[in-house]
>>> print(open('final21.txt').read())   # compact mmCIF, C-alpha atoms
# COMPACT_ATOMS: atom_id res chain seq x y z
CA MET N 4 171.15 33.67 163.69
CA ARG N 5 167.91 35.19 162.50
CA ILE N 6 168.01 38.91 163.34
CA LEU N 7 165.21 41.46 162.90
CA VAL N 8 166.41 45.07 162.70
CA LEU N 9 163.90 47.85 163.30
CA GLY N 10 165.52 50.44 161.04
CA GLY N 11 168.77 49.57 159.36
CA THR N 12 169.31 51.67 156.24
CA SER N 13 170.68 54.91 157.69
CA PHE N 14 173.83 55.15 159.82
CA VAL N 15 174.02 53.07 163.00
CA GLY N 16 171.50 50.55 161.72
CA ARG N 17 173.31 50.29 158.42
CA ALA N 18 176.56 49.41 160.19
CA ILE N 19 174.79 46.80 162.35
CA VAL N 20 173.15 45.14 159.35
CA ASP N 21 176.44 45.11 157.46
CA ASP N 22 178.24 43.43 160.36
CA ALA N 23 175.45 40.92 160.94
CA LEU N 24 175.41 39.88 157.28
CA ARG N 25 179.20 39.59 157.32
CA THR N 26 178.95 37.04 160.12
CA GLY N 27 176.44 34.98 158.15
CA ALA N 28 173.30 36.01 160.01
CA GLU N 29 169.91 35.93 158.32
CA VAL N 30 168.70 39.54 158.54
CA THR N 31 165.24 41.01 158.14
CA LEU N 32 164.78 44.78 157.91
CA PHE N 33 161.63 46.53 159.13
CA THR N 34 161.59 50.02 157.57
CA ARG N 35 159.29 52.54 155.93
CA GLY N 36 160.83 51.65 152.58
CA ARG N 37 161.74 55.24 151.75
CA THR N 38 165.54 55.02 151.70
CA GLY N 39 168.34 52.55 151.09
CA HIS N 40 166.57 50.58 148.37
CA ASP N 41 169.91 49.51 146.89
CA LEU N 42 171.36 48.33 150.22
CA PHE N 43 171.58 44.75 151.45
CA PRO N 44 169.96 42.73 148.67
CA ALA N 45 170.54 39.61 150.78
CA ALA N 46 168.27 40.90 153.56
CA ALA N 47 164.52 40.34 153.67
CA ARG N 48 162.42 43.50 153.92
CA LEU N 49 159.21 44.25 155.75
CA ILE N 50 157.44 47.60 155.35
CA GLY N 51 155.79 49.48 158.19
CA ASP N 52 155.75 52.82 159.98
CA ARG N 53 156.46 53.26 163.68
CA ASP N 54 155.11 56.80 163.77
CA THR N 55 151.66 55.67 162.59
CA GLY N 56 151.77 52.41 164.51
CA ASP N 57 151.76 50.24 161.38
CA TYR N 58 153.34 46.95 162.51
CA ALA N 59 151.14 44.65 160.43
CA ALA N 60 154.17 43.28 158.58
CA LEU N 61 155.48 41.88 161.88
CA GLY N 62 152.39 39.75 162.42
CA THR N 63 154.19 36.56 161.43
CA GLY N 64 157.75 35.27 161.62
CA ARG N 65 160.21 34.30 164.34
CA TRP N 66 163.65 35.69 165.09
CA ASP N 67 166.44 34.85 167.49
CA ALA N 68 166.88 38.54 168.24
CA VAL N 69 165.55 41.98 167.42
CA VAL N 70 167.73 45.10 167.30
CA ASP N 71 165.70 48.25 167.91
CA VAL N 72 167.63 51.08 166.27
CA SER N 73 164.67 53.39 165.63
CA GLY N 74 162.82 53.41 168.96
CA TYR N 75 162.75 56.90 170.45
CA LEU N 76 159.40 56.88 172.23
CA PRO N 77 157.84 54.44 174.71
CA ARG N 78 154.98 54.05 172.24
CA HIS N 79 157.41 52.91 169.55
CA VAL N 80 158.87 50.26 171.83
CA GLY N 81 155.58 49.16 173.37
CA GLN N 82 153.88 48.69 170.02
CA ALA N 83 156.84 46.78 168.60
CA MET N 84 156.91 44.46 171.62
CA ASP N 85 153.14 43.93 171.37
CA ALA N 86 153.49 43.02 167.70
CA LEU N 87 156.39 40.63 168.28
CA GLY N 88 155.39 39.05 171.56
CA ASP N 89 157.40 35.90 172.27
CA ARG N 90 158.38 35.39 168.64
CA VAL N 91 161.80 36.93 169.34
CA GLY N 92 164.48 35.60 171.63
CA ARG N 93 166.48 38.65 172.70
CA TYR N 94 165.43 42.31 172.44
CA LEU N 95 168.45 44.61 172.07
CA PHE N 96 167.58 48.29 172.40
CA ILE N 97 169.89 51.03 171.15
CA SER N 98 169.62 53.71 173.82
CA SER N 99 171.85 56.72 174.52
CA GLN N 100 174.27 58.26 177.00
CA ALA N 101 171.61 60.96 177.34
CA VAL N 102 169.75 58.75 179.83
CA TYR N 103 172.28 59.64 182.55
CA THR N 104 172.37 62.38 185.11
CA ARG N 105 175.63 64.33 185.17
CA THR N 106 178.39 62.40 186.91
CA GLY N 107 182.17 62.37 187.28
CA PRO N 108 184.80 60.91 184.94
CA GLY N 109 184.94 57.15 184.59
CA SER N 110 181.25 56.58 185.26
CA ASP N 111 179.93 53.14 184.36
CA GLU N 112 176.59 51.55 183.52
CA SER N 113 175.42 51.83 187.14
CA THR N 114 175.40 55.63 186.93
CA PRO N 115 172.04 57.10 188.03
CA ARG N 116 169.71 57.79 185.13
CA ARG N 117 167.39 60.68 184.55
CA ALA N 118 163.76 60.14 185.54
CA PRO N 119 161.84 58.35 182.75
CA VAL N 120 159.26 60.42 180.88
CA ARG N 121 156.14 59.07 179.17
CA ASP N 122 153.80 62.06 179.01
CA THR N 123 155.21 63.64 175.83
CA GLU N 124 156.26 62.60 172.34
CA GLU N 125 158.16 65.81 171.66
CA LEU N 126 161.85 65.04 171.20
CA SER N 127 164.07 67.81 172.52
CA GLU N 128 167.31 68.20 174.42
CA ASP N 129 165.31 68.01 177.66
CA THR N 130 163.13 65.00 176.75
CA TYR N 131 165.35 62.80 174.56
CA GLY N 132 167.22 61.14 177.43
CA PRO N 133 164.21 60.65 179.73
CA LEU N 134 162.19 59.16 176.84
CA LYS N 135 165.02 56.74 176.08
CA ALA N 136 165.15 55.83 179.79
CA ALA N 137 161.45 55.00 179.67
CA CYS N 138 162.04 52.81 176.61
CA GLU N 139 164.84 50.98 178.44
CA ASP N 140 162.57 50.30 181.39
CA ASP N 141 159.78 48.97 179.19
CA VAL N 142 162.09 46.60 177.29
CA THR N 143 163.57 45.29 180.52
CA ALA N 144 160.14 44.90 182.14
CA ARG N 145 158.84 42.90 179.17
CA TYR N 146 161.85 40.72 178.36
CA GLY N 147 163.77 40.56 181.66
CA GLY N 148 166.91 38.47 181.15
CA ARG N 149 166.31 38.53 177.40
CA ALA N 150 166.76 42.33 177.29
CA THR N 151 170.03 44.02 176.30
CA ILE N 152 170.62 47.78 176.40
CA VAL N 153 173.43 49.47 174.45
CA ARG N 154 174.13 53.12 175.27
CA PRO N 155 176.32 54.70 172.58
CA GLY N 156 178.19 57.94 173.02
CA LYS N 157 178.79 60.14 170.00
CA VAL N 158 179.00 57.81 166.99
CA ALA N 159 181.24 58.61 164.03
CA GLY N 160 182.08 56.95 160.75
CA PRO N 161 181.17 56.81 157.07
CA HIS N 162 177.50 57.60 156.27
CA ASP N 163 177.14 59.79 159.37
CA PRO N 164 174.17 62.13 158.73
CA GLN N 165 175.40 64.54 161.42
CA SER N 166 178.29 66.96 161.21
CA GLY N 167 180.42 66.00 164.24
CA LEU N 168 183.61 64.32 163.09
CA THR N 169 182.84 65.07 159.45
CA TYR N 170 183.10 68.81 160.08
CA TRP N 171 186.50 68.54 161.75
CA VAL N 172 187.89 66.08 159.21
CA ARG N 173 186.86 68.37 156.37
CA ARG N 174 188.08 71.51 158.11
CA ALA N 175 191.44 70.05 159.15
CA ALA N 176 192.07 68.79 155.62
CA ARG N 177 192.06 72.41 154.39
CA GLY N 178 194.90 73.16 156.79
CA GLY N 179 195.95 76.59 158.09
CA ARG N 180 194.55 78.43 161.09
CA VAL N 181 191.53 76.63 162.54
CA ALA N 182 189.03 78.51 164.69
CA LEU N 183 187.96 76.52 167.75
CA PRO N 184 185.04 78.04 169.73
CA GLY N 185 185.87 75.91 172.72
CA ARG N 186 188.80 74.83 174.83
CA PRO N 187 191.49 72.65 173.25
CA GLU N 188 191.72 70.44 176.34
CA GLN N 189 188.02 69.47 176.26
CA PRO N 190 187.75 65.64 176.28
CA VAL N 191 186.03 63.95 173.36
CA GLN N 192 184.61 60.42 173.19
CA LEU N 193 183.73 59.08 169.75
CA VAL N 194 182.86 55.49 168.93
CA ASP N 195 183.35 54.19 165.41
CA SER N 196 180.00 53.05 163.99
CA ARG N 197 181.59 49.76 162.96
CA ASP N 198 182.83 49.13 166.50
CA LEU N 199 179.33 49.77 167.82
CA ALA N 200 177.95 47.34 165.25
CA ARG N 201 180.47 44.65 166.19
CA LEU N 202 179.52 45.02 169.86
CA VAL N 203 175.82 44.66 169.06
CA VAL N 204 176.26 41.53 166.98
CA ARG N 205 178.66 40.03 169.51
CA LEU N 206 176.16 40.61 172.34
CA LEU N 207 173.52 38.79 170.30
CA GLU N 208 175.89 35.93 169.45
CA ASP N 209 176.72 35.52 173.13
CA ASP N 210 173.08 35.98 174.21
CA ARG N 211 174.31 38.50 176.76
CA PRO N 212 171.88 40.57 178.88
CA GLY N 213 172.44 43.87 180.65
CA ALA N 214 173.52 47.41 179.78
CA PHE N 215 176.71 48.37 177.94
CA HIS N 216 178.44 51.64 177.11
CA ALA N 217 179.56 51.94 173.50
CA VAL N 218 182.21 54.66 173.76
CA GLY N 219 185.63 55.21 172.22
CA PRO N 220 188.05 55.82 170.62
CA ALA N 221 190.90 53.45 171.47
CA GLU N 222 192.78 56.12 173.43
CA PRO N 223 191.32 59.14 175.28
CA THR N 224 191.58 62.33 173.26
CA THR N 225 190.79 66.05 173.37
CA LEU N 226 189.39 68.48 170.85
CA ALA N 227 192.91 69.62 170.02
CA GLY N 228 194.06 66.04 169.68
CA LEU N 229 191.14 65.19 167.43
CA ILE N 230 191.76 68.16 165.12
CA THR N 231 195.45 67.35 164.94
CA THR N 232 194.72 63.71 164.11
CA CYS N 233 192.30 64.77 161.37
CA ALA N 234 194.97 67.01 159.88
CA GLU N 235 197.58 64.26 160.00
CA VAL N 236 195.46 61.73 158.11
CA ALA N 237 194.78 64.39 155.45
CA GLY N 238 198.46 65.33 155.15
CA ALA N 239 197.74 68.91 156.28
CA GLN N 240 199.23 71.31 158.80
CA VAL N 241 196.98 73.23 161.19
CA GLU N 242 197.25 75.91 163.85
CA ILE N 243 194.40 75.73 166.36
CA VAL N 244 193.14 79.19 167.32
CA PRO N 245 190.72 79.30 170.29
CA VAL N 246 187.98 81.88 169.73
CA PRO N 247 185.18 83.01 172.08
CA ALA N 248 182.32 80.55 172.40
CA ASP N 249 179.77 83.27 171.67
CA THR N 250 181.18 83.68 168.16
CA ALA N 251 179.98 80.19 167.19
CA PRO N 252 176.64 79.24 165.65
CA PRO N 253 174.41 76.94 167.74
CA PHE N 254 175.20 73.24 168.12
CA PHE N 255 178.81 73.58 167.09
CA PRO N 256 180.20 70.13 166.25
CA LEU N 257 181.65 68.26 169.26
CA VAL N 258 182.07 71.41 171.39
CA HIS N 259 180.64 71.21 174.92
CA ALA N 260 180.53 73.53 177.91
CA GLU N 261 182.79 72.46 180.77
CA PRO N 262 179.95 71.15 183.02
CA LEU N 263 179.26 68.54 180.32
CA TRP N 264 182.86 67.30 180.04
CA PRO N 265 182.39 64.31 182.41
CA ALA N 266 179.94 62.85 179.88
CA GLN N 267 182.93 62.56 177.53
CA ARG N 268 184.86 60.38 179.97
CA ARG N 269 182.64 57.36 180.55
CA SER N 270 184.11 53.92 181.12
CA PRO N 271 184.05 51.45 178.20
CA ALA N 272 185.37 48.58 180.37
CA ARG N 273 182.22 46.44 180.43
CA ALA N 274 181.63 46.75 176.69
CA ARG N 275 185.31 46.11 175.93
CA ALA N 276 185.14 42.89 177.95
CA ALA N 277 182.05 41.90 175.95
CA GLY N 278 183.76 42.44 172.59
CA LEU N 279 183.64 46.17 171.74
CA PRO N 280 186.62 46.81 169.42
CA ALA N 281 188.77 49.92 169.68
CA THR N 282 189.43 51.39 166.26
CA PRO N 283 192.09 54.12 166.38
CA LEU N 284 190.71 57.61 165.80
CA ALA N 285 193.09 58.06 162.85
CA VAL N 286 191.46 55.13 161.05
CA THR N 287 187.95 56.46 161.63
CA ALA N 288 188.99 59.96 160.52
CA ALA N 289 190.67 58.67 157.36
CA ASP N 290 187.60 56.63 156.41
CA VAL N 291 185.26 59.58 157.03
CA LEU N 292 187.50 61.83 154.92
CA ALA N 293 187.46 59.35 152.01
CA TRP N 294 183.68 58.88 152.24
CA ASP N 295 183.00 62.62 152.49
CA ARG N 296 185.13 63.35 149.44
CA ALA N 297 183.53 60.54 147.46
CA ARG N 298 180.06 61.98 148.07
CA GLY N 299 181.18 65.47 146.98
CA GLU N 300 181.36 67.18 150.40
CA PRO N 301 177.77 68.48 150.58
CA PRO N 302 176.85 71.29 153.02
CA LEU N 303 176.85 70.15 156.64
CA GLY N 304 174.51 72.64 158.28
CA HIS N 305 176.61 73.17 161.42
CA GLY N 306 179.95 74.78 162.18
CA PHE N 307 181.61 77.80 160.58
CA SER N 308 181.40 78.38 156.87
CA PRO N 309 184.86 79.02 155.37
CA GLU N 310 183.89 82.67 154.85
CA ASP N 311 182.64 83.21 158.40
CA GLU N 312 185.72 81.53 159.85
CA ALA N 313 188.06 83.65 157.74
CA ARG N 314 186.32 86.85 158.90
CA LEU N 315 186.49 85.73 162.52
CA LEU N 316 190.19 84.88 162.33
CA ALA N 317 190.96 88.17 160.57
CA ARG N 318 189.49 90.08 163.50
CA GLY N 319 191.85 88.30 165.90
>>> encode(input="final21.txt", output="structure tokens")
Amino acid sequence: MRILVLGGTSFVGRAIVDDALRTGAEVTLFTRGRTGHDLFPAAARLIGDRDTGDYAALGTGRWDAVVDVSGYLPRHVGQAMDALGDRVGRYLFISSQAVYTRTGPGSDESTPRRAPVRDTEELSEDTYGPLKAACEDDVTARYGGRATIVRPGKVAGPHDPQSGLTYWVRRAARGGRVALPGRPEQPVQLVDSRDLARLVVRLLEDDRPGAFHAVGPAEPTTLAGLITTCAEVAGAQVEIVPVPADTAPPFFPLVHAEPLWPAQRRSPARARAAGLPATPLAVTAADVLAWDRARGEPPLGHGFSPEDEARLLARG
């Protein structure tokens, strides 16, 4: 297969490119050329910039499929489709669970979505999902049965630029009393980045249309279960200590208020039937721990610092 990836040198895109090359696909990357220069020497590279609308490099060439990893705005998607026209077979768009309205546990791909938004390019908690919904609609309107939508939940794995699982793996590895500014029974859905990548490539191989949830792990888990698993793979012992939510800094990794819990219980059935693997959480956690240590455990930016956590636990 000839696959064009819009993005591909960061986290999710990196995993997709790696899996596609492993299967023998011929991959072309369309990026700004600012990062990942040492990655994927076997892949062709085209330079452009979606923010400025520079798609000149896509003026020639044909591909069996395009994977849009970096489309966040309807303008991004519309300009890419205009540039590519009918020179691609399938257009697979990486969307988000944020497109959905709040629903009960076990919700599937038919869950009502939030109203699409096209009158802003400001990405925020309020606009991210509606903008992605608009992108989905535009891809489907243009490509019809040649459109595929993948809606990942929280993605975890090596090279993750965010602090979700990485924070808890690192914290659990230190052992001892662990402050949790949330409820231990909160459900958590993480999908391994490599499972997401395998689903994407399999959907392209099978030329499969439609929408698919990319959620995991293999077995349902909770915050307490996740922290315990992280400790086990690190060979540590932990005691989870719930602390008041208002003691936590904003955007605490993987902690959600109870009204948002149903979003952590979506059904993976359709994606599993289409080839989404189910990597055990312990495997993902162990690989994140090894990667984080190899890169020197740089600051994460979210969660408690060791000093703040120690002070908080001392007060209790």
>>> atom_distance(input="final21.txt", atom1="atom CA of N:Asp57", atom2="atom CA of N:Gly74")
13.8 Å
>>> closest_atom_pairs(input="final21.txt", of="stretch 152-269 of chain N", to="stretch 94-110 of chain N", cutoff="8 Å", atoms="only C-alpha atoms", output="JSON lines")
{"residue": "N:Ile152", "atom": "CA", "partner": "N:Phe96", "partner_atom": "CA", "distance": 5.0}
{"residue": "N:Val153", "atom": "CA", "partner": "N:Ile97", "partner_atom": "CA", "distance": 5.1}
{"residue": "N:Arg154", "atom": "CA", "partner": "N:Ser99", "partner_atom": "CA", "distance": 4.3}
{"residue": "N:Pro155", "atom": "CA", "partner": "N:Ser99", "partner_atom": "CA", "distance": 5.3}
{"residue": "N:Gly156", "atom": "CA", "partner": "N:Gln100", "partner_atom": "CA", "distance": 5.6}
{"residue": "N:Val203", "atom": "CA", "partner": "N:Leu95", "partner_atom": "CA", "distance": 8.0}
{"residue": "N:Leu207", "atom": "CA", "partner": "N:Leu95", "partner_atom": "CA", "distance": 7.9}
{"residue": "N:His216", "atom": "CA", "partner": "N:Gln100", "partner_atom": "CA", "distance": 7.8}
{"residue": "N:Leu263", "atom": "CA", "partner": "N:Arg105", "partner_atom": "CA", "distance": 7.4}
{"residue": "N:Pro265", "atom": "CA", "partner": "N:Pro108", "partner_atom": "CA", "distance": 4.9}
{"residue": "N:Ala266", "atom": "CA", "partner": "N:Arg105", "partner_atom": "CA", "distance": 7.0}
{"residue": "N:Gln267", "atom": "CA", "partner": "N:Pro108", "partner_atom": "CA", "distance": 7.8}
{"residue": "N:Arg268", "atom": "CA", "partner": "N:Pro108", "partner_atom": "CA", "distance": 5.0}
{"residue": "N:Arg269", "atom": "CA", "partner": "N:Gly109", "partner_atom": "CA", "distance": 4.7}
>>> residues_around(input="final21.txt", residues="N:Gly81", least_positions_apart="3", cutoff="12 Å", atoms="only C-alpha atoms", output="MDAnalysis selection string")
chainID N and resid 53 56 58 71 74:78 84:88 121 137:146
>>> residues_near_point(input="final21.txt", point="(161.1, 34.1, 162.8)", cutoff="12 Å", atoms="all atoms listed in the file", output="ChimeraX atom specification")
/N:4-7,29-31,47,61-69,87-92
>>> residues_around(input="final21.txt", residues="N:Val246", least_positions_apart="6", cutoff="12 Å", atoms="all atoms listed in the file", output="list in words")
Arg180, Val181, Ala182, Leu183, Pro184, Gly185, Arg186, Pro187, Phe307, Glu312, Leu315, Leu316, Ala317, Arg318 and Gly319 of chain N
>>> atom_distance(input="final21.txt", atom1="atom CA of N:Trp294", atom2="atom CA of N:Thr232")
16.9 Å
>>> residues_around(input="final21.txt", residues="N:Val20", least_positions_apart="3", cutoff="12 Å", atoms="all atoms listed in the file", output="JSON, numbers by chain")
{"N": [5, 6, 7, 8, 9, 10, 11, 12, 13, 14, 15, 16, 17, 23, 24, 25, 26, 27, 28, 29, 30, 31, 32, 33, 42, 43, 44, 45, 46, 47, 69, 70, 71, 72, 196, 197, 199, 200, 201, 203, 204]}
>>> atom_distance(input="final21.txt", atom1="atom CA of N:Gly179", atom2="atom CA of N:Ile243")
8.5 Å
>>> closest_residue(input="final21.txt", among="N:Ala234, N:Val291, N:Val218, N:Leu49", to="N:Asp111", atoms="all atoms listed in the file")
N:Val218
>>> axis_aligned_box(input="final21.txt", around="stretch 90-100 of chain N", padding_each_side="6 Å", output="lines of an AutoDock Vina configuration file")
center_x = 166.3
center_y = 46.8
center_z = 172.8
size_x = 27.9
size_y = 34.9
size_z = 20.4
>>> residues_around(input="final21.txt", residues="N:Phe254", least_positions_apart="2", cutoff="8 Å", atoms="only C-alpha atoms", output="PyMOL selection string")
chain N and resi 252+256+258+305-306
>>> closest_residue(input="final21.txt", among="N:Pro301, N:Gly213, N:Gly132, N:Gly178", to="N:Ala277", atoms="only C-alpha atoms")
N:Gly213
>>> residues_around(input="final21.txt", residues="N:Leu226", least_positions_apart="2", cutoff="8 Å", atoms="all atoms listed in the file", output="compact mmCIF listing (two decimals) with C-alpha atoms, keeping the file's coordinate frame")
# COMPACT_ATOMS: atom_id res chain seq x y z
CA ARG N 186 188.80 74.83 174.83
CA PRO N 187 191.49 72.65 173.25
CA GLU N 188 191.72 70.44 176.34
CA GLN N 189 188.02 69.47 176.26
CA PRO N 190 187.75 65.64 176.28
CA VAL N 191 186.03 63.95 173.36
CA THR N 224 191.58 62.33 173.26
CA GLY N 228 194.06 66.04 169.68
CA LEU N 229 191.14 65.19 167.43
CA ILE N 230 191.76 68.16 165.12
CA LEU N 257 181.65 68.26 169.26
CA VAL N 258 182.07 71.41 171.39
>>> closest_residue(input="final21.txt", among="N:Ala18, N:Ala285, N:Ala59, N:Leu292", to="N:Arg174", atoms="only C-alpha atoms")
N:Leu292
>>> closest_residue(input="final21.txt", among="N:Pro212, N:Thr123, N:Ala313, N:Glu128", to="N:Val244", atoms="all atoms listed in the file")
N:Ala313
>>> closest_residue(input="final21.txt", among="N:Ala136, N:Ala288, N:Ala272, N:Ala227", to="N:Pro245", atoms="all atoms listed in the file")
N:Ala227
>>> build_atoms(input="final21.txt", residues="stretch 151-181 of chain N", atoms="N, CA and C atoms", output="mmCIF file, in the coordinates of the input")
data_model
loop_
_atom_site.group_PDB
_atom_site.id
_atom_site.type_symbol
_atom_site.label_atom_id
_atom_site.label_comp_id
_atom_site.auth_asym_id
_atom_site.auth_seq_id
_atom_site.Cartn_x
_atom_site.Cartn_y
_atom_site.Cartn_z
ATOM 1 N N THR N 151 168.674 43.470 176.335
ATOM 2 C CA THR N 151 170.030 44.020 176.300
ATOM 3 C C THR N 151 169.918 45.488 175.920
ATOM 4 N N ILE N 152 170.641 46.337 176.641
ATOM 5 C CA ILE N 152 170.620 47.780 176.400
ATOM 6 C C ILE N 152 172.027 48.225 176.002
ATOM 7 N N VAL N 153 172.154 48.897 174.872
ATOM 8 C CA VAL N 153 173.430 49.470 174.450
ATOM 9 C C VAL N 153 173.280 50.984 174.433
ATOM 10 N N ARG N 154 174.186 51.650 175.140
ATOM 11 C CA ARG N 154 174.130 53.120 175.270
ATOM 12 C C ARG N 154 175.332 53.735 174.570
ATOM 13 N N PRO N 155 175.200 54.098 173.292
ATOM 14 C CA PRO N 155 176.320 54.700 172.580
ATOM 15 C C PRO N 155 176.580 56.131 173.042
ATOM 16 N N GLY N 156 177.852 56.528 172.943
ATOM 17 C CA GLY N 156 178.190 57.940 173.020
ATOM 18 C C GLY N 156 178.029 58.538 171.637
ATOM 19 N N LYS N 157 178.811 59.551 171.333
ATOM 20 C CA LYS N 157 178.790 60.140 170.000
ATOM 21 C C LYS N 157 179.362 59.132 169.006
ATOM 22 N N VAL N 158 178.587 58.805 167.975
ATOM 23 C CA VAL N 158 179.000 57.810 166.990
ATOM 24 C C VAL N 158 179.541 58.538 165.762
ATOM 25 N N ALA N 159 180.622 58.014 165.200
ATOM 26 C CA ALA N 159 181.240 58.610 164.030
ATOM 27 C C ALA N 159 181.610 57.522 163.042
ATOM 28 N N GLY N 160 181.688 57.899 161.777
ATOM 29 C CA GLY N 160 182.080 56.950 160.750
ATOM 30 C C GLY N 160 181.466 57.316 159.417
ATOM 31 N N PRO N 161 181.796 56.572 158.373
ATOM 32 C CA PRO N 161 181.170 56.810 157.070
ATOM 33 C C PRO N 161 179.649 56.706 157.157
ATOM 34 N N HIS N 162 178.965 57.530 156.349
ATOM 35 C CA HIS N 162 177.500 57.600 156.270
ATOM 36 C C HIS N 162 176.868 58.324 157.442
ATOM 37 N N ASP N 163 177.670 59.028 158.238
ATOM 38 C CA ASP N 163 177.140 59.790 159.370
ATOM 39 C C ASP N 163 176.296 60.952 158.859
ATOM 40 N N PRO N 164 175.003 61.013 159.211
ATOM 41 C CA PRO N 164 174.170 62.130 158.730
ATOM 42 C C PRO N 164 174.405 63.416 159.500
ATOM 43 N N GLN N 165 175.130 63.345 160.633
ATOM 44 C CA GLN N 165 175.400 64.540 161.420
ATOM 45 C C GLN N 165 176.786 65.079 161.095
ATOM 46 N N SER N 166 177.103 66.239 161.659
ATOM 47 C CA SER N 166 178.290 66.960 161.210
ATOM 48 C C SER N 166 179.459 66.884 162.176
ATOM 49 N N GLY N 167 179.388 66.015 163.204
ATOM 50 C CA GLY N 167 180.420 66.000 164.240
ATOM 51 C C GLY N 167 181.830 65.817 163.723
ATOM 52 N N LEU N 168 182.253 64.571 163.569
ATOM 53 C CA LEU N 168 183.610 64.320 163.090
ATOM 54 C C LEU N 168 183.781 64.784 161.658
ATOM 55 N N THR N 169 182.734 64.683 160.856
ATOM 56 C CA THR N 169 182.840 65.070 159.450
ATOM 57 C C THR N 169 183.272 66.527 159.314
ATOM 58 N N TYR N 170 182.705 67.410 160.138
ATOM 59 C CA TYR N 170 183.100 68.810 160.080
ATOM 60 C C TYR N 170 184.583 68.967 160.325
ATOM 61 N N TRP N 171 185.103 68.328 161.378
ATOM 62 C CA TRP N 171 186.500 68.540 161.750
ATOM 63 C C TRP N 171 187.460 67.861 160.771
ATOM 64 N N VAL N 172 187.059 66.717 160.230
ATOM 65 C CA VAL N 172 187.890 66.080 159.210
ATOM 66 C C VAL N 172 187.999 66.985 157.984
ATOM 67 N N ARG N 173 186.872 67.499 157.557
ATOM 68 C CA ARG N 173 186.860 68.370 156.370
ATOM 69 C C ARG N 173 187.631 69.660 156.622
ATOM 70 N N ARG N 174 187.405 70.237 157.809
ATOM 71 C CA ARG N 174 188.080 71.510 158.110
ATOM 72 C C ARG N 174 189.586 71.317 158.248
ATOM 73 N N ALA N 175 190.014 70.272 158.950
ATOM 74 C CA ALA N 175 191.440 70.050 159.150
ATOM 75 C C ALA N 175 192.149 69.758 157.828
ATOM 76 N N ALA N 176 191.457 69.116 156.902
ATOM 77 C CA ALA N 176 192.070 68.790 155.620
ATOM 78 C C ALA N 176 192.421 70.034 154.819
ATOM 79 N N ARG N 177 191.733 71.157 155.087
ATOM 80 C CA ARG N 177 192.060 72.410 154.390
ATOM 81 C C ARG N 177 193.324 73.046 154.949
ATOM 82 N N GLY N 178 193.689 72.649 156.168
ATOM 83 C CA GLY N 178 194.900 73.160 156.790
ATOM 84 C C GLY N 178 194.783 74.615 157.221
ATOM 85 N N GLY N 179 195.906 75.186 157.683
ATOM 86 C CA GLY N 179 195.950 76.590 158.090
ATOM 87 C C GLY N 179 195.449 76.813 159.499
ATOM 88 N N ARG N 180 195.052 78.047 159.773
ATOM 89 C CA ARG N 180 194.550 78.430 161.090
ATOM 90 C C ARG N 180 193.109 77.973 161.231
ATOM 91 N N VAL N 181 192.840 77.244 162.317
ATOM 92 C CA VAL N 181 191.530 76.630 162.540
ATOM 93 C C VAL N 181 190.889 77.270 163.761
#
